[in-house]
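Structure data follow from structure36.cif (mmCIF, C-alpha atoms and all ligand atoms):
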data_data
loop_
_atom_site.label_atom_id
_atom_site.label_comp_id
_atom_site.auth_asym_id
_atom_site.auth_seq_id
_atom_site.Cartn_x
_atom_site.Cartn_y
_atom_site.Cartn_z
CA MET A 4 235.94 129.86 -122.52
CA SER A 5 239.31 128.28 -121.90
CA ASP A 6 239.26 125.33 -119.53
CA ARG A 7 241.73 126.10 -116.77
CA ASN A 8 241.40 122.55 -115.37
CA LEU A 9 242.69 121.24 -118.68
CA THR A 10 245.54 123.76 -118.78
CA LEU A 11 246.57 122.84 -115.27
CA PHE A 12 246.26 119.11 -115.96
CA ASP A 13 248.59 119.42 -118.96
CA ARG A 14 251.06 121.43 -116.90
CA ALA A 15 250.84 118.93 -114.01
CA LYS A 16 251.38 115.94 -116.30
CA ALA A 17 254.70 117.39 -117.42
CA VAL A 18 256.14 117.36 -113.90
CA ILE A 19 254.06 114.98 -111.75
CA PRO A 20 253.44 111.36 -112.87
CA GLY A 21 249.92 111.31 -114.30
CA GLY A 22 249.53 114.89 -113.11
CA VAL A 23 248.44 113.77 -109.64
CA ASN A 24 249.88 112.85 -106.26
CA SER A 25 247.44 109.99 -105.68
CA PRO A 26 246.23 107.92 -108.66
CA VAL A 27 242.44 108.00 -108.28
CA ARG A 28 242.48 111.80 -108.61
CA ALA A 29 243.48 111.48 -112.27
CA PHE A 30 239.94 110.40 -113.38
CA LYS A 31 241.52 107.47 -115.23
CA ALA A 32 238.60 105.13 -114.47
CA VAL A 33 235.97 107.58 -115.73
CA GLY A 34 237.95 109.56 -118.31
CA GLY A 35 237.94 113.32 -118.70
CA THR A 36 239.78 116.11 -116.95
CA PRO A 37 240.23 116.13 -113.19
CA ARG A 38 239.00 119.26 -111.47
CA PHE A 39 241.76 121.34 -109.94
CA ILE A 40 240.36 122.68 -106.71
CA THR A 41 241.03 126.25 -105.68
CA ARG A 42 239.02 126.42 -102.46
CA ALA A 43 236.34 124.74 -100.39
CA GLN A 44 233.76 125.85 -97.86
CA GLY A 45 231.12 123.83 -96.06
CA ALA A 46 229.68 121.25 -98.47
CA TYR A 47 231.19 122.89 -101.57
CA LEU A 48 234.33 122.86 -103.69
CA TRP A 49 235.28 125.35 -106.39
CA ASP A 50 237.45 124.37 -109.34
CA ALA A 51 239.91 126.39 -111.39
CA ASN A 52 237.11 127.53 -113.75
CA GLY A 53 235.19 128.90 -110.78
CA GLN A 54 232.53 126.19 -111.01
CA ARG A 55 230.99 125.11 -107.71
CA TYR A 56 230.37 121.46 -106.78
CA ILE A 57 228.49 119.77 -103.95
CA ASP A 58 231.30 117.65 -102.54
CA TYR A 59 230.59 113.98 -101.73
CA ILE A 60 234.25 113.01 -101.43
CA GLY A 61 235.23 115.21 -98.50
CA SER A 62 238.94 114.62 -99.14
CA TRP A 63 238.12 110.87 -99.21
CA GLY A 64 236.55 110.94 -95.77
CA PRO A 65 238.27 113.33 -93.35
CA MET A 66 236.00 116.38 -93.84
CA ILE A 67 233.11 115.11 -91.73
CA LEU A 68 232.34 118.64 -90.49
CA GLY A 69 232.46 120.07 -93.99
CA HIS A 70 235.23 122.33 -95.22
CA GLY A 71 236.55 125.26 -93.21
CA HIS A 72 234.66 124.72 -89.96
CA PRO A 73 235.42 127.92 -87.98
CA GLU A 74 236.34 126.14 -84.73
CA VAL A 75 238.72 123.78 -86.53
CA LEU A 76 240.34 126.69 -88.34
CA ARG A 77 240.74 128.57 -85.05
CA ALA A 78 242.45 125.58 -83.42
CA VAL A 79 244.78 125.13 -86.39
CA GLN A 80 245.66 128.82 -86.57
CA ALA A 81 246.42 128.93 -82.85
CA ALA A 82 248.64 125.84 -83.18
CA VAL A 83 250.48 127.32 -86.15
CA GLN A 84 251.35 130.37 -84.06
CA GLU A 85 252.95 128.12 -81.44
CA GLY A 86 255.14 126.26 -83.89
CA LEU A 87 254.88 123.89 -86.86
CA SER A 88 256.85 120.94 -85.58
CA PHE A 89 259.09 120.20 -82.61
CA GLY A 90 260.18 116.57 -82.93
CA ALA A 91 259.57 116.35 -79.20
CA PRO A 92 256.49 115.32 -77.23
CA THR A 93 253.59 117.71 -76.62
CA GLU A 94 250.57 117.73 -74.32
CA ARG A 95 248.24 117.86 -77.31
CA GLU A 96 249.28 114.36 -78.39
CA ILE A 97 248.17 113.03 -74.99
CA GLU A 98 244.88 114.91 -75.27
CA LEU A 99 244.17 113.48 -78.71
CA VAL A 100 245.03 109.92 -77.70
CA GLU A 101 242.96 110.22 -74.51
CA GLU A 102 240.04 111.42 -76.63
CA ILE A 103 240.43 108.43 -78.98
CA LEU A 104 240.60 106.00 -76.04
CA ARG A 105 237.41 107.47 -74.58
CA LEU A 106 235.56 106.92 -77.84
CA VAL A 107 236.94 103.48 -78.80
CA PRO A 108 236.79 101.21 -75.73
CA SER A 109 238.73 98.34 -77.37
CA LEU A 110 241.86 100.53 -77.33
CA GLU A 111 244.18 100.84 -74.31
CA MET A 112 247.12 102.51 -76.04
CA VAL A 113 247.57 104.32 -79.32
CA ARG A 114 250.49 105.52 -81.38
CA LEU A 115 250.09 108.44 -83.79
CA VAL A 116 251.52 108.40 -87.32
CA ASN A 117 251.06 110.45 -90.51
CA SER A 118 249.02 108.31 -92.92
CA GLY A 119 246.75 105.31 -93.02
CA THR A 120 249.40 103.47 -95.00
CA GLU A 121 251.92 103.97 -92.26
CA ALA A 122 249.42 102.93 -89.59
CA GLY A 123 248.45 99.73 -91.43
CA MET A 124 252.06 98.81 -92.16
CA SER A 125 253.05 99.42 -88.52
CA ALA A 126 250.08 97.42 -87.20
CA ILE A 127 251.14 94.42 -89.29
CA ARG A 128 254.73 94.64 -88.11
CA LEU A 129 253.56 94.90 -84.51
CA ALA A 130 251.18 91.95 -84.88
CA ARG A 131 253.98 89.84 -86.34
CA GLY A 132 256.41 90.97 -83.67
CA ALA A 133 253.97 90.43 -80.81
CA THR A 134 252.89 86.95 -81.94
CA GLY A 135 256.22 85.79 -83.39
CA ARG A 136 254.29 84.57 -86.44
CA PRO A 137 254.77 85.48 -90.11
CA LYS A 138 251.41 85.16 -91.89
CA ILE A 139 248.59 87.63 -92.32
CA ILE A 140 245.11 87.30 -93.78
CA LYS A 141 243.57 90.02 -95.89
CA PHE A 142 240.47 90.08 -98.07
CA GLU A 143 240.14 90.72 -101.75
CA GLY A 144 238.84 94.26 -102.35
CA CYS A 145 239.99 95.62 -98.98
CA TYR A 146 242.64 98.36 -99.08
CA HIS A 147 244.96 98.91 -96.16
CA GLY A 148 247.35 101.42 -97.69
CA HIS A 149 250.22 100.71 -100.04
CA ALA A 150 252.72 98.88 -97.84
CA ASP A 151 254.38 96.10 -99.88
CA ALA A 152 252.95 93.15 -97.94
CA LEU A 153 249.42 94.52 -98.36
CA LEU A 154 249.50 95.14 -102.11
CA VAL A 155 248.22 91.69 -102.90
CA LYS A 156 245.45 90.16 -104.95
CA ALA A 157 243.97 86.70 -104.61
CA GLY A 158 245.83 83.80 -106.13
CA SER A 159 243.93 81.11 -108.00
CA GLY A 160 242.15 78.56 -105.89
CA LEU A 161 241.20 78.29 -102.28
CA ALA A 162 243.28 79.91 -99.53
CA THR A 163 246.41 80.26 -101.61
CA PHE A 164 248.96 82.98 -101.06
CA GLY A 165 248.45 86.07 -103.10
CA HIS A 166 250.23 87.74 -105.99
CA PRO A 167 251.58 91.30 -105.90
CA THR A 168 249.17 93.86 -107.38
CA SER A 169 252.00 96.28 -108.05
CA ALA A 170 255.23 96.08 -109.96
CA GLY A 171 258.14 96.52 -107.60
CA VAL A 172 256.80 94.09 -105.01
CA PRO A 173 258.78 90.83 -105.22
CA PRO A 174 256.60 87.71 -104.75
CA GLU A 175 258.69 86.77 -101.69
CA VAL A 176 257.46 89.92 -99.96
CA VAL A 177 253.83 88.80 -100.19
CA GLN A 178 254.45 85.12 -99.66
CA HIS A 179 253.06 85.35 -96.12
CA THR A 180 249.92 87.24 -97.14
CA LEU A 181 246.84 85.05 -97.56
CA VAL A 182 244.11 86.69 -99.64
CA LEU A 183 240.58 85.43 -99.06
CA GLU A 184 237.14 86.30 -100.39
CA TYR A 185 235.23 88.82 -98.26
CA ASN A 186 232.21 87.35 -96.45
CA ASN A 187 233.26 83.76 -97.31
CA VAL A 188 233.17 81.74 -94.07
CA GLU A 189 234.28 78.47 -95.71
CA GLN A 190 237.48 79.98 -97.08
CA LEU A 191 238.18 81.60 -93.73
CA GLU A 192 237.79 78.30 -91.90
CA ALA A 193 239.96 76.48 -94.44
CA ALA A 194 242.72 79.09 -94.10
CA PHE A 195 242.79 78.79 -90.31
CA ALA A 196 242.61 75.00 -90.48
CA GLU A 197 245.67 74.91 -92.70
CA HIS A 198 247.77 77.80 -91.38
CA GLY A 199 246.26 78.68 -87.96
CA ALA A 200 249.46 78.38 -85.90
CA GLN A 201 251.32 80.63 -88.38
CA ILE A 202 248.79 83.47 -88.60
CA ALA A 203 249.81 86.68 -86.81
CA ALA A 204 246.83 88.78 -87.84
CA LEU A 205 243.63 88.97 -89.79
CA MET A 206 243.19 92.49 -91.16
CA ILE A 207 239.79 93.64 -92.37
CA GLU A 208 237.81 96.70 -93.35
CA PRO A 209 234.61 95.99 -91.37
CA ILE A 210 232.63 97.99 -93.90
CA ALA A 211 234.75 97.80 -97.01
CA GLY A 212 234.83 101.32 -98.42
CA ASN A 213 237.50 100.49 -100.93
CA MET A 214 235.03 98.33 -102.81
CA ASN A 215 232.53 101.16 -102.51
CA PHE A 216 230.37 99.94 -99.65
CA VAL A 217 230.27 96.28 -98.67
CA ARG A 218 229.44 95.21 -95.12
CA ALA A 219 231.06 92.24 -93.47
CA SER A 220 228.04 90.18 -92.43
CA VAL A 221 227.54 89.61 -88.71
CA PRO A 222 228.01 85.81 -88.97
CA PHE A 223 231.20 86.33 -90.97
CA MET A 224 232.58 88.83 -88.44
CA ARG A 225 231.63 86.55 -85.57
CA ARG A 226 233.60 83.74 -87.23
CA CYS A 227 236.60 86.05 -87.80
CA ARG A 228 236.60 86.87 -84.07
CA GLU A 229 236.19 83.22 -82.99
CA LEU A 230 238.89 81.86 -85.28
CA CYS A 231 241.40 84.57 -84.34
CA SER A 232 240.82 83.90 -80.63
CA GLN A 233 240.98 80.14 -81.08
CA HIS A 234 244.26 80.28 -83.03
CA GLY A 235 245.95 83.13 -81.16
CA ALA A 236 245.88 85.52 -84.14
CA LEU A 237 245.14 89.23 -83.71
CA LEU A 238 241.96 90.62 -85.24
CA VAL A 239 242.96 93.97 -86.75
CA PHE A 240 240.17 96.36 -87.73
CA ASP A 241 241.17 98.82 -90.43
CA GLU A 242 238.88 101.70 -89.52
CA VAL A 243 240.86 104.35 -91.39
CA MET A 244 237.67 105.09 -93.32
CA THR A 245 234.91 103.90 -90.97
CA GLY A 246 236.38 105.23 -87.70
CA PHE A 247 234.43 108.25 -86.38
CA ARG A 248 232.56 108.15 -89.71
CA VAL A 249 229.94 105.38 -89.61
CA ALA A 250 229.38 105.93 -85.85
CA LEU A 251 231.15 107.74 -83.03
CA GLY A 252 232.67 104.43 -81.89
CA GLY A 253 233.46 103.28 -85.44
CA ALA A 254 232.22 100.14 -87.16
CA GLN A 255 233.39 98.06 -84.20
CA SER A 256 230.68 99.66 -82.05
CA LEU A 257 228.08 98.36 -84.53
CA TYR A 258 229.44 94.79 -84.43
CA ALA A 259 229.61 95.01 -80.62
CA GLN A 260 225.85 95.69 -80.63
CA ALA A 261 225.22 92.56 -82.70
CA ILE A 262 227.83 90.24 -81.15
CA PRO A 263 227.99 90.24 -77.33
CA GLY A 264 231.48 91.09 -76.06
CA PHE A 265 232.84 91.76 -79.54
CA ALA A 266 236.04 93.79 -79.88
CA PRO A 267 238.99 93.72 -82.28
CA ASP A 268 242.50 93.27 -80.86
CA MET A 269 243.94 96.19 -82.79
CA THR A 270 242.49 99.13 -84.68
CA VAL A 271 243.95 101.27 -87.44
CA LEU A 272 242.61 104.83 -87.74
CA GLY A 273 243.12 107.77 -90.10
CA LYS A 274 241.08 110.20 -92.22
CA VAL A 275 238.55 111.72 -89.74
CA ILE A 276 241.03 111.71 -86.82
CA GLY A 277 243.14 114.25 -88.71
CA GLY A 278 240.20 116.40 -89.79
CA GLY A 279 241.98 117.07 -93.10
CA MET A 280 245.58 117.16 -91.85
CA PRO A 281 248.05 114.26 -92.24
CA LEU A 282 247.35 112.18 -89.14
CA ALA A 283 246.64 108.51 -88.51
CA ALA A 284 246.98 106.06 -85.65
CA PHE A 285 247.08 102.44 -84.62
CA GLY A 286 246.28 101.02 -81.24
CA GLY A 287 245.26 98.03 -79.19
CA LYS A 288 245.73 96.32 -75.88
CA ARG A 289 248.53 97.53 -73.62
CA ALA A 290 250.43 94.21 -73.71
CA VAL A 291 250.62 94.31 -77.51
CA MET A 292 251.35 98.06 -77.81
CA GLU A 293 254.16 97.81 -75.26
CA GLN A 294 256.04 95.64 -77.75
CA LEU A 295 256.74 98.87 -79.69
CA ALA A 296 260.04 100.76 -79.47
CA PRO A 297 261.25 102.28 -77.17
CA LEU A 298 259.66 99.76 -74.76
CA GLY A 299 259.80 96.64 -76.89
CA PRO A 300 261.59 95.05 -79.84
CA VAL A 301 259.24 96.19 -82.66
CA TYR A 302 260.68 99.28 -84.34
CA GLN A 303 258.44 102.13 -85.49
CA ALA A 304 259.12 105.88 -85.67
CA GLY A 305 258.29 109.15 -87.46
CA THR A 306 259.87 112.62 -87.70
CA LEU A 307 256.50 114.37 -87.98
CA SER A 308 254.37 111.87 -86.02
CA GLY A 309 252.01 113.58 -83.57
CA ASN A 310 252.59 116.88 -85.37
CA PRO A 311 251.26 119.79 -83.27
CA VAL A 312 249.18 121.35 -86.08
CA ALA A 313 247.72 118.03 -87.22
CA THR A 314 246.82 117.02 -83.67
CA ALA A 315 245.14 120.41 -83.09
CA CYS A 316 243.03 119.84 -86.20
CA GLY A 317 242.18 116.27 -85.22
CA LEU A 318 241.34 117.16 -81.66
CA ALA A 319 239.02 120.01 -82.66
CA THR A 320 237.32 117.68 -85.14
CA LEU A 321 236.85 114.83 -82.65
CA ARG A 322 235.39 117.22 -80.07
CA LEU A 323 232.89 118.69 -82.51
CA ILE A 324 231.55 115.32 -83.69
CA GLN A 325 230.62 114.48 -80.09
CA GLN A 326 227.93 117.15 -79.96
CA PRO A 327 224.58 115.61 -79.01
CA GLY A 328 222.68 114.36 -82.05
CA PHE A 329 225.61 114.86 -84.45
CA PHE A 330 225.63 111.32 -85.86
CA ASP A 331 221.84 111.00 -85.88
CA ALA A 332 221.57 114.12 -88.04
CA LEU A 333 224.43 113.04 -90.31
CA ALA A 334 222.97 109.56 -90.72
CA ALA A 335 219.51 110.94 -91.48
CA ARG A 336 220.84 113.21 -94.20
CA THR A 337 222.95 110.43 -95.69
CA ARG A 338 219.95 108.10 -95.64
CA ALA A 339 217.83 110.74 -97.37
CA LEU A 340 220.42 110.94 -100.14
CA VAL A 341 220.67 107.18 -100.58
CA GLN A 342 216.92 106.56 -100.46
CA GLY A 343 216.37 109.46 -102.84
CA LEU A 344 218.89 108.07 -105.33
CA GLN A 345 217.25 104.66 -105.11
CA ALA A 346 213.82 106.19 -105.75
CA GLU A 347 215.12 108.16 -108.75
CA ALA A 348 216.77 105.03 -110.20
CA ASN A 349 213.58 103.04 -109.71
CA ARG A 350 211.59 105.77 -111.44
CA ALA A 351 214.04 105.71 -114.36
CA GLY A 352 214.02 101.89 -114.48
CA VAL A 353 217.78 101.68 -113.91
CA PRO A 354 219.05 98.66 -111.90
CA PHE A 355 220.47 100.21 -108.75
CA SER A 356 221.26 99.38 -105.14
CA ALA A 357 222.64 101.53 -102.35
CA ASP A 358 223.57 101.38 -98.69
CA CYS A 359 224.82 103.74 -95.99
CA GLU A 360 225.89 103.94 -92.37
CA GLY A 361 226.46 107.17 -90.49
CA GLY A 362 228.00 109.60 -92.96
CA MET A 363 229.30 107.01 -95.43
CA PHE A 364 227.40 105.65 -98.43
CA GLY A 365 227.80 103.54 -101.55
CA PHE A 366 225.72 102.87 -104.64
CA PHE A 367 225.94 100.31 -107.42
CA PHE A 368 224.41 99.87 -110.84
CA LEU A 369 223.41 96.39 -109.73
CA SER A 370 219.94 95.22 -108.72
CA GLU A 371 221.27 93.70 -105.48
CA LEU A 372 223.93 94.86 -103.05
CA PRO A 373 227.20 92.99 -103.65
CA ARG A 374 228.85 90.94 -100.89
CA ASN A 375 232.37 90.63 -102.25
CA TYR A 376 234.87 92.07 -104.72
CA VAL A 377 233.90 89.92 -107.70
CA GLN A 378 230.29 91.04 -107.35
CA VAL A 379 231.31 94.70 -107.04
CA MET A 380 233.36 94.44 -110.19
CA ALA A 381 230.37 93.00 -112.07
CA SER A 382 228.76 96.43 -111.68
CA ASP A 383 228.10 98.34 -114.93
CA ALA A 384 231.20 100.55 -115.35
CA ALA A 385 230.06 102.29 -118.54
CA ARG A 386 226.80 103.28 -116.88
CA PHE A 387 228.63 104.46 -113.76
CA ASN A 388 230.94 106.63 -115.87
CA ARG A 389 228.04 108.29 -117.68
CA PHE A 390 226.30 108.88 -114.37
CA PHE A 391 229.49 110.30 -112.84
CA HIS A 392 230.08 112.76 -115.69
CA GLY A 393 226.42 113.78 -115.86
CA MET A 394 226.44 114.58 -112.17
CA LEU A 395 229.76 116.39 -112.38
CA GLN A 396 228.45 118.58 -115.18
CA ARG A 397 225.50 119.46 -112.98
CA GLY A 398 227.77 120.45 -110.10
CA VAL A 399 227.80 117.24 -108.04
CA TYR A 400 231.23 115.86 -107.25
CA LEU A 401 231.11 112.08 -106.65
CA ALA A 402 234.08 109.72 -106.33
CA PRO A 403 235.51 109.15 -109.84
CA ALA A 404 235.52 105.34 -109.62
CA LEU A 405 232.79 102.79 -109.01
CA TYR A 406 234.75 101.06 -106.24
CA GLU A 407 235.00 104.16 -103.99
CA ALA A 408 232.64 105.08 -101.16
CA GLY A 409 230.97 108.47 -100.81
CA PHE A 410 230.74 110.79 -97.82
CA VAL A 411 228.21 113.29 -96.53
CA SER A 412 229.31 115.99 -94.07
CA ALA A 413 227.53 117.91 -91.35
CA ALA A 414 227.62 120.94 -93.65
CA HIS A 415 225.39 119.30 -96.28
CA THR A 416 221.89 120.74 -96.04
CA ASP A 417 218.52 119.32 -97.05
CA ALA A 418 218.70 121.73 -100.00
CA ASP A 419 222.04 120.19 -101.09
CA ILE A 420 220.51 116.71 -100.97
CA GLU A 421 217.47 117.97 -102.92
CA ALA A 422 219.71 119.58 -105.56
CA THR A 423 221.69 116.34 -105.85
CA LEU A 424 218.52 114.30 -106.36
CA THR A 425 217.24 116.75 -108.98
CA ALA A 426 220.52 116.33 -110.86
CA ALA A 427 220.33 112.54 -110.47
CA ARG A 428 216.80 112.48 -111.91
CA ALA A 429 217.97 114.24 -115.05
CA VAL A 430 221.09 112.09 -115.45
CA LEU A 431 219.34 108.77 -114.75
CA ALA A 432 216.69 109.59 -117.33
CA GLU A 433 219.46 109.69 -119.94
CA LEU A 434 220.96 106.36 -118.85
CA THR A 435 218.26 103.99 -120.01
C1 LIG B 1 242.49 105.57 -97.00
C2 LIG B 1 242.68 104.21 -96.41
C3 LIG B 1 243.95 103.73 -96.06
C4 LIG B 1 245.21 104.47 -96.40
O1 LIG B 1 245.31 105.70 -95.79
P1 LIG B 1 246.29 106.81 -96.41
O2 LIG B 1 246.23 107.92 -95.42
O3 LIG B 1 245.75 107.14 -97.76
O4 LIG B 1 247.64 106.18 -96.50
C5 LIG B 1 244.03 102.53 -95.40
N1 LIG B 1 242.94 101.81 -95.12
C6 LIG B 1 241.71 102.22 -95.45
C7 LIG B 1 240.53 101.39 -95.09
C8 LIG B 1 241.54 103.42 -96.12
O5 LIG B 1 240.31 103.81 -96.50
#
Go ahead and render the structure in this file as structure tokens.
Ligand SMILES: *Cc1c(COP(=O)(O)O)cnc(C)c1O
Amino acid sequence: MSDRNLTLFDRAKAVIPGGVNSPVRAFKAVGGTPRFITRAQGAYLWDANGQRYIDYIGSWGPMILGHGHPEVLRAVQAAVQEGLSFGAPTEREIELVEEILRLVPSLEMVRLVNSGTEAGMSAIRLARGATGRPKIIKFEGCYHGHADALLVKAGSGLATFGHPTSAGVPPEVVQHTLVLEYNNVEQLEAAFAEHGAQIAALMIEPIAGNMNFVRASVPFMRRCRELCSQHGALLVFDEVMTGFRVALGGAQSLYAQAIPGFAPDMTVLGKVIGGGMPLAAFGGKRAVMEQLAPLGPVYQAGTLSGNPVATACGLATLRLIQQPGFFDALAARTRALVQGLQAEANRAGVPFSADCEGGMFGFFFLSELPRNYVQVMASDAARFNRFFHGMLQRGVYLAPALYEAGFVSAAHTDADIEATLTAARAVLAELT
């Protein structure tokens, strides 16, 4: 049988760089042919050959209800009938923002944008504008979108300024970005001791999903909060992935349970808040947010921001995830998957560790959970790639890179988890 994925990939490569519109889709880390998706429903995707997959990517996080939820589709179809875009304010934008404010108590005002990249970039500009300071702290392994100042890797040595991770970013553009090791309190303290008065913001993924799944420890997060407060820097939570995904109130609600009075100063959101449409947001305290144009001196804008179809999709999604027991059921199913994978790996004698929170999970071919980027990257890539392809062949679609998190949706059933574990048993047995 001819492989239509391969045919399409060849055709795509002739006209789209690498054949894809976002690099990780190209399967470069794992090799092989990316699956061209023709449709999706519930927990499943179908590729161009008509093969069905249990989907653990969920469009990289947004599809928390599963694909094609009827109420979401109804809301989107109704919005489409009313108009695709107006470039003028709508009531639905207020409704969506009011919904977000109800669910995330640290936020007093929110602005809507189109992508997580845009939200992260705007949050940094606002933090710099509001504090009048130039420097930002980020952590190695955290991804905050592809704005120039955030495409940075650690320099050599302690608390040095980073180097661009992409061509096309002049070193001067990242000269104010300090890159530190995740979960390293000593480096954090040294950076504030040296540069405290210059630091506008510390930006962090509270559970780092862009190094698969690494939690910021409670003592580390407590120190981030204390040092930001002490030095007048803004603590910016990048919850593009974790927001409305690890818990209804995001990862910040989990840290608030462990650290009395804990709240970030600003939050960046995306993925789930759009329910699969291009929508993201950033928000914080009123005094900071009022620095934005048209009220204040920090410029930020967008032709399609607050788009009426995207906000309809996001609003329907956010309402549905508030049903009683939604997150408990999602977390239980995700835990069943992760514990099942661990049990199968143990049975096969394969070094393995895994973690999850709400509907987000990660697993590593490492005997202990990693705490930072260097430890994540020590994970066995060859073994991961064989596991990935074995699972894919058996109809289980996992993220095609060992540094990407996985997602379970409300549409995944116990039978889907069972089928996934049966596939994993067969694949793991071949890995030793
Ligand atoms: C996905 C992601 C982004 C970027 O969002 P895009 O919509 O892809 O631009 C930023 N931060 C985090 C934590 C993300 O997971």
Fill in the blank from the handout: As a check of understanding: the span from CA of His147 (chain A) to CA of Ile127 (chain A) is 10.3 Å
Mind dumping a table of every chain A residue within 10 Å of ligand LIG 1 (chain B), with the nearest atom pair and its distance in Å to one decimal, using all atoms listed in the file, sorted by chain and rising number, as a tab-separated table?
residue	atom	partner	partner_atom	distance
A:Ser25	CA	B:LIG1	O3	8.6
A:Ser62	CA	B:LIG1	C1	10.0
A:Trp63	CA	B:LIG1	C1	7.2
A:Gly64	CA	B:LIG1	O5	8.1
A:Pro65	CA	B:LIG1	C1	9.6
A:Val116	CA	B:LIG1	O2	9.7
A:Asn117	CA	B:LIG1	O2	7.3
A:Ser118	CA	B:LIG1	O2	3.8
A:Gly119	CA	B:LIG1	O1	3.1
A:Thr120	CA	B:LIG1	O4	3.6
A:Glu121	CA	B:LIG1	O4	6.4
A:Ala122	CA	B:LIG1	O4	7.8
A:Gly123	CA	B:LIG1	C5	6.6
A:Met124	CA	B:LIG1	C5	9.4
A:Cys145	CA	B:LIG1	C7	7.0
A:Tyr146	CA	B:LIG1	N1	5.3
A:His147	CA	B:LIG1	N1	3.7
A:Gly148	CA	B:LIG1	C4	3.9
A:His149	CA	B:LIG1	O4	7.0
A:Ala150	CA	B:LIG1	O4	9.0
A:Ile207	CA	B:LIG1	C7	8.2
A:Glu208	CA	B:LIG1	C7	5.7
A:Pro209	CA	B:LIG1	C7	8.8
A:Ile210	CA	B:LIG1	C7	8.7
A:Ala211	CA	B:LIG1	C7	7.1
A:Gly212	CA	B:LIG1	O5	6.3
A:Asn213	CA	B:LIG1	O5	6.2
A:Met214	CA	B:LIG1	O5	9.9
A:Phe240	CA	B:LIG1	C7	8.9
A:Asp241	CA	B:LIG1	C7	5.4
A:Glu242	CA	B:LIG1	C7	5.8
A:Val243	CA	B:LIG1	C6	4.7
A:Met244	CA	B:LIG1	O5	4.3
A:Thr245	CA	B:LIG1	C7	7.4
A:Gly246	CA	B:LIG1	C7	9.3
A:Val271	CA	B:LIG1	N1	7.8
A:Leu272	CA	B:LIG1	N1	8.0
A:Gly273	CA	B:LIG1	O2	6.2
A:Lys274	CA	B:LIG1	O2	6.5
A:Gly277	CA	B:LIG1	O2	9.7
A:Met280	CA	B:LIG1	O2	9.9
A:Pro281	CA	B:LIG1	O2	7.3
A:Leu282	CA	B:LIG1	O2	7.7
A:Ala283	CA	B:LIG1	O2	6.9
A:Ala284	CA	B:LIG1	O2	10.0
A:Glu407	CA	B:LIG1	O5	9.2
A:Ala408	CA	B:LIG1	O5	9.1
Handout entry: Interatomic distance, CA of Ile139 (chain A) to CA of Ala203 (chain A) (Å, one decimal)
Key =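 Interatomic distance here is 5.7 Å.
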Exercise for the section: Compute the distance from (236.2, 107.2, -105.6) to each atom, counting all atoms listed in the file, keep the residues with any atom at most 12 Å away, and return them as number ranges by chain; use the coordinates of the file. Expected result: A: 25-33, 58-64, 212-216, 364-366, 387-388, 391, 400-410
Problem - Selection near region 295-305 of chain A, 10 Å with all atoms listed in the file, sequence-local residues under 3 positions removed, as a ChimeraX atom specification - result: /A:90,114-117,121-122,124-126,128-133,290-292,308-310
Write the selection just made, keeping C-alpha atoms, as a PDB file, in the coordinates of the input?
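In the end it all went to part-v5.pdb:
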ATOM      1  CA  GLY A  90     260.180 116.570 -82.930  1.00  0.00           C
ATOM      2  CA  ARG A 114     250.490 105.520 -81.380  1.00  0.00           C
ATOM      3  CA  LEU A 115     250.090 108.440 -83.790  1.00  0.00           C
ATOM      4  CA  VAL A 116     251.520 108.400 -87.320  1.00  0.00           C
ATOM      5  CA  ASN A 117     251.060 110.450 -90.510  1.00  0.00           C
ATOM      6  CA  GLU A 121     251.920 103.970 -92.260  1.00  0.00           C
ATOM      7  CA  ALA A 122     249.420 102.930 -89.590  1.00  0.00           C
ATOM      8  CA  MET A 124     252.060  98.810 -92.160  1.00  0.00           C
ATOM      9  CA  SER A 125     253.050  99.420 -88.520  1.00  0.00           C
ATOM     10  CA  ALA A 126     250.080  97.420 -87.200  1.00  0.00           C
ATOM     11  CA  ARG A 128     254.730  94.640 -88.110  1.00  0.00           C
ATOM     12  CA  LEU A 129     253.560  94.900 -84.510  1.00  0.00           C
ATOM     13  CA  ALA A 130     251.180  91.950 -84.880  1.00  0.00           C
ATOM     14  CA  ARG A 131     253.980  89.840 -86.340  1.00  0.00           C
ATOM     15  CA  GLY A 132     256.410  90.970 -83.670  1.00  0.00           C
ATOM     16  CA  ALA A 133     253.970  90.430 -80.810  1.00  0.00           C
ATOM     17  CA  ALA A 290     250.430  94.210 -73.710  1.00  0.00           C
ATOM     18  CA  VAL A 291     250.620  94.310 -77.510  1.00  0.00           C
ATOM     19  CA  MET A 292     251.350  98.060 -77.810  1.00  0.00           C
ATOM     20  CA  SER A 308     254.370 111.870 -86.020  1.00  0.00           C
ATOM     21  CA  GLY A 309     252.010 113.580 -83.570  1.00  0.00           C
ATOM     22  CA  ASN A 310     252.590 116.880 -85.370  1.00  0.00           C
TER      23      ASN A 310
END
Practice task
Compile the contact shell of Val341 (chain A) as a list in words: residues with an atom at most 12 Å away, counting all atoms listed in the file, same-chain residues fewer than 6 positions apart removed.
Solution key: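 Residues near the query, excluding close chain neighbours: Ala334, Ala335, Glu347, Ala348, Phe355, Ser356, Ala357, Asp358, Cys359, Glu360, Gly361, Gly362, Met363, Phe364, Gly365, Phe366, Phe367, Gly409, Phe410, Val411, Ile420, Glu421, Thr423, Leu424 and Ala427 of chain A.
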Practice task
May I ask which of the residues A:Gly69, A:Thr36, A:Glu96, A:Ser232 is the closest one to Thr314 (chain A), counting all atoms listed in the file?
Solution key: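 Result for the nearest residue to Thr314 (chain A): A:Glu96.
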